[in-house]
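K.L.:
This is the structure, below, for whatever I ask next.
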Amino acid sequence: MEEKKQSGGLHFVGKKDELIKAKRSFRTLEGRDVLIIYHQGVFYAMDCYCYHAGGTLENGDIEDINGKLCIICPKHKYKITLAEGEGLYRGRNPQEKPPVFRWYSKGVKQRVHTVTEENGEVFVKLVMIPNWVDSDYYQGEKGKVERAKA
Ligand code: FES
């Protein structure tokens, strides 16, 4: 699809009904590969390649983990929240007696972008704050080369 740029950095990414039908849609916006997801009535957008080792998230399952919807990277099963791009992991605090497995956050690891709808059309605005998020690596030249080798 040809990319239509809108003022204010909004990119037209498709008709709402088409994106709903597709559920997962891949777009390249300003040279960045972005995955648009429609899940349970909500649109999400995030960098397409997993922050861990560049796995393609497009076919990842979506699960509710500890009350947060996460995409599960098909490559090594890392869990990434759809709304925030947080990396979640299960661990135990050895100082707790007895230690119990719980979900913890590694903080934001995957860059997520803003999705808006207007008159049946869907737009994505790339969010480039903060300056660095781990998933940025696989959008750059070095990361792309590394992904291709894996
Ligand atoms: Fe995604 Fe390793 S590349 S979990």
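Residues are referred to by chain and number: the chain letter is A, B, ... according to the order shown in the structure tokens, the number counts from 1 in that chain, and ligands are numbered separately from 1 in the order shown.
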Skip Ile37 in chain A itself and residues of its chain fewer than 6 positions away, then list as a list in words all residues within 10 Å of it, counting only C-alpha atoms.

P.N.:
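Listing them by chain and then by number gives Leu19, Ile20, Ala22, Lys23, Arg24, Ser25, Phe26, Phe43, Tyr44, Ala45, Met46, Glu58, Ile71, Leu82 and Val115 of chain A.
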
K.L.:
Kindly export the residues of the current selection with N, CA and C atoms, as an mmCIF file, in the first residue's frame.

P.N.:
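Writing done, so here's result-v1.cif:
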```cif
data_model
loop_
_atom_site.group_PDB
_atom_site.id
_atom_site.type_symbol
_atom_site.label_atom_id
_atom_site.label_comp_id
_atom_site.auth_asym_id
_atom_site.auth_seq_id
_atom_site.Cartn_x
_atom_site.Cartn_y
_atom_site.Cartn_z
ATOM 1 N N LEU A 19 -8.644 -3.268 8.154
ATOM 2 C CA LEU A 19 -7.680 -3.584 9.219
ATOM 3 C C LEU A 19 -8.297 -4.519 10.266
ATOM 4 N N ILE A 20 -9.585 -4.369 10.490
ATOM 5 C CA ILE A 20 -10.268 -5.274 11.428
ATOM 6 C C ILE A 20 -10.255 -6.685 10.859
ATOM 7 N N ALA A 22 -8.183 -7.939 8.685
ATOM 8 C CA ALA A 22 -6.821 -8.476 8.617
ATOM 9 C C ALA A 22 -6.291 -8.860 10.010
ATOM 10 N N LYS A 23 -6.767 -8.192 11.045
ATOM 11 C CA LYS A 23 -6.299 -8.352 12.443
ATOM 12 C C LYS A 23 -4.838 -7.929 12.651
ATOM 13 N N ARG A 24 -3.938 -8.347 11.772
ATOM 14 C CA ARG A 24 -2.525 -7.927 11.863
ATOM 15 C C ARG A 24 -2.155 -7.314 10.517
ATOM 16 N N SER A 25 -1.570 -6.158 10.542
ATOM 17 C CA SER A 25 -1.174 -5.507 9.288
ATOM 18 C C SER A 25 0.225 -4.929 9.449
ATOM 19 N N PHE A 26 1.011 -5.112 8.438
ATOM 20 C CA PHE A 26 2.393 -4.638 8.444
ATOM 21 C C PHE A 26 2.472 -3.387 7.575
ATOM 22 N N PHE A 43 -7.354 -1.028 18.448
ATOM 23 C CA PHE A 43 -6.170 -1.031 17.584
ATOM 24 C C PHE A 43 -4.922 -0.717 18.406
ATOM 25 N N TYR A 44 -3.843 -1.398 18.079
ATOM 26 C CA TYR A 44 -2.531 -1.143 18.685
ATOM 27 C C TYR A 44 -1.519 -1.043 17.549
ATOM 28 N N ALA A 45 -0.432 -0.335 17.800
ATOM 29 C CA ALA A 45 0.661 -0.325 16.821
ATOM 30 C C ALA A 45 1.976 -0.395 17.585
ATOM 31 N N MET A 46 2.883 -1.212 17.081
ATOM 32 C CA MET A 46 4.200 -1.332 17.724
ATOM 33 C C MET A 46 5.250 -1.678 16.682
ATOM 34 N N GLU A 58 4.573 -10.464 14.005
ATOM 35 C CA GLU A 58 3.320 -10.515 13.247
ATOM 36 C C GLU A 58 2.454 -11.741 13.567
ATOM 37 N N ILE A 71 1.545 -9.601 23.484
ATOM 38 C CA ILE A 71 1.867 -10.415 22.320
ATOM 39 C C ILE A 71 3.061 -11.280 22.723
ATOM 40 N N LEU A 82 0.725 -5.044 24.820
ATOM 41 C CA LEU A 82 0.298 -4.362 23.585
ATOM 42 C C LEU A 82 0.209 -2.852 23.786
ATOM 43 N N VAL A 115 -2.449 5.075 17.642
ATOM 44 C CA VAL A 115 -3.403 4.790 16.558
ATOM 45 C C VAL A 115 -4.651 5.642 16.767
#
```

K.L.:
Excluding Asp47 in chain A and residues on its chain fewer than 6 positions from it, collect all residues at most 7 Å away from it, counting only C-alpha atoms, and give them as an MDAnalysis selection string.

P.N.:
chainID A and resid 33:35 110:112 135

K.L.:
Which is closest to ligand 1 among A:Ala150, A:Val108, A:Val124, A:Val133, if we use only C-alpha atoms and all ligand atoms?

P.N.:
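Ranking A:Ala150, A:Val108, A:Val124, A:Val133 by distance to ligand 1, first place goes to A:Ala150.
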
K.L.:
Determine, counting only C-alpha atoms, which protein, DNA and RNA residues have an atom within 12 Å of an atom of Ile80 in chain A; residues of the same chain fewer than 4 positions away are not included. Present the result as an MDAnalysis selection string.

P.N.:
chainID A and resid 46:52 57 60:65 68:74 76 84:89 104:112 135

K.L.:
For ligand 1, which of A:Val127, A:Ala53, A:Val122, A:Val145 is the closest residue, counting only C-alpha atoms and all ligand atoms?

P.N.:
A:Ala53

K.L.:
Name the residues of range 13-59 of chain A that come out as strand (DSSP E or B) in a backbone DSSP run; write them as a list in words.

P.N.:
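DSSP-assigned strand (DSSP E or B) residues in range 13-59 of chain A: Val13, Gly14, Lys15, Arg24, Ser25, Phe26, Arg27, Thr28, Leu29, Arg32, Asp33, Val34, Leu35, Ile36, Ile37, Tyr38, His39, Val42, Phe43, Tyr44, Ala45, Met46, Asp47, Tyr49 and Thr56 of chain A.
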
K.L.:
Given the selection you just returned, output its residues as a file containing C-alpha atoms, formatted as a PDB file, in the first residue's frame.

P.N.:
```pdb
ATOM      1  CA  VAL A  13      -2.577   2.979   7.317  1.00  0.00           C
ATOM      2  CA  GLY A  14      -5.865   1.690   5.947  1.00  0.00           C
ATOM      3  CA  LYS A  15      -9.636   1.561   6.111  1.00  0.00           C
ATOM      4  CA  ARG A  24      -2.525  -7.927  11.863  1.00  0.00           C
ATOM      5  CA  SER A  25      -1.174  -5.507   9.288  1.00  0.00           C
ATOM      6  CA  PHE A  26       2.393  -4.638   8.444  1.00  0.00           C
ATOM      7  CA  ARG A  27       3.281  -1.115   7.294  1.00  0.00           C
ATOM      8  CA  THR A  28       6.536   0.717   6.692  1.00  0.00           C
ATOM      9  CA  LEU A  29       6.219   4.307   7.911  1.00  0.00           C
ATOM     10  CA  ARG A  32      10.139   2.041  10.215  1.00  0.00           C
ATOM     11  CA  ASP A  33       8.485  -1.387  10.108  1.00  0.00           C
ATOM     12  CA  VAL A  34       5.338  -1.258  12.203  1.00  0.00           C
ATOM     13  CA  LEU A  35       2.762  -3.874  13.129  1.00  0.00           C
ATOM     14  CA  ILE A  36      -0.853  -2.763  13.500  1.00  0.00           C
ATOM     15  CA  ILE A  37      -2.960  -5.128  15.577  1.00  0.00           C
ATOM     16  CA  TYR A  38      -6.697  -5.247  16.013  1.00  0.00           C
ATOM     17  CA  HIS A  39      -7.653  -7.183  19.115  1.00  0.00           C
ATOM     18  CA  VAL A  42      -8.944  -1.995  20.005  1.00  0.00           C
ATOM     19  CA  PHE A  43      -6.170  -1.031  17.584  1.00  0.00           C
ATOM     20  CA  TYR A  44      -2.531  -1.143  18.685  1.00  0.00           C
ATOM     21  CA  ALA A  45       0.661  -0.325  16.821  1.00  0.00           C
ATOM     22  CA  MET A  46       4.200  -1.332  17.724  1.00  0.00           C
ATOM     23  CA  ASP A  47       7.589  -1.912  16.177  1.00  0.00           C
ATOM     24  CA  TYR A  49      10.578  -6.750  15.409  1.00  0.00           C
ATOM     25  CA  THR A  56       8.916 -10.901  13.782  1.00  0.00           C
TER      26      THR A  56
END
```
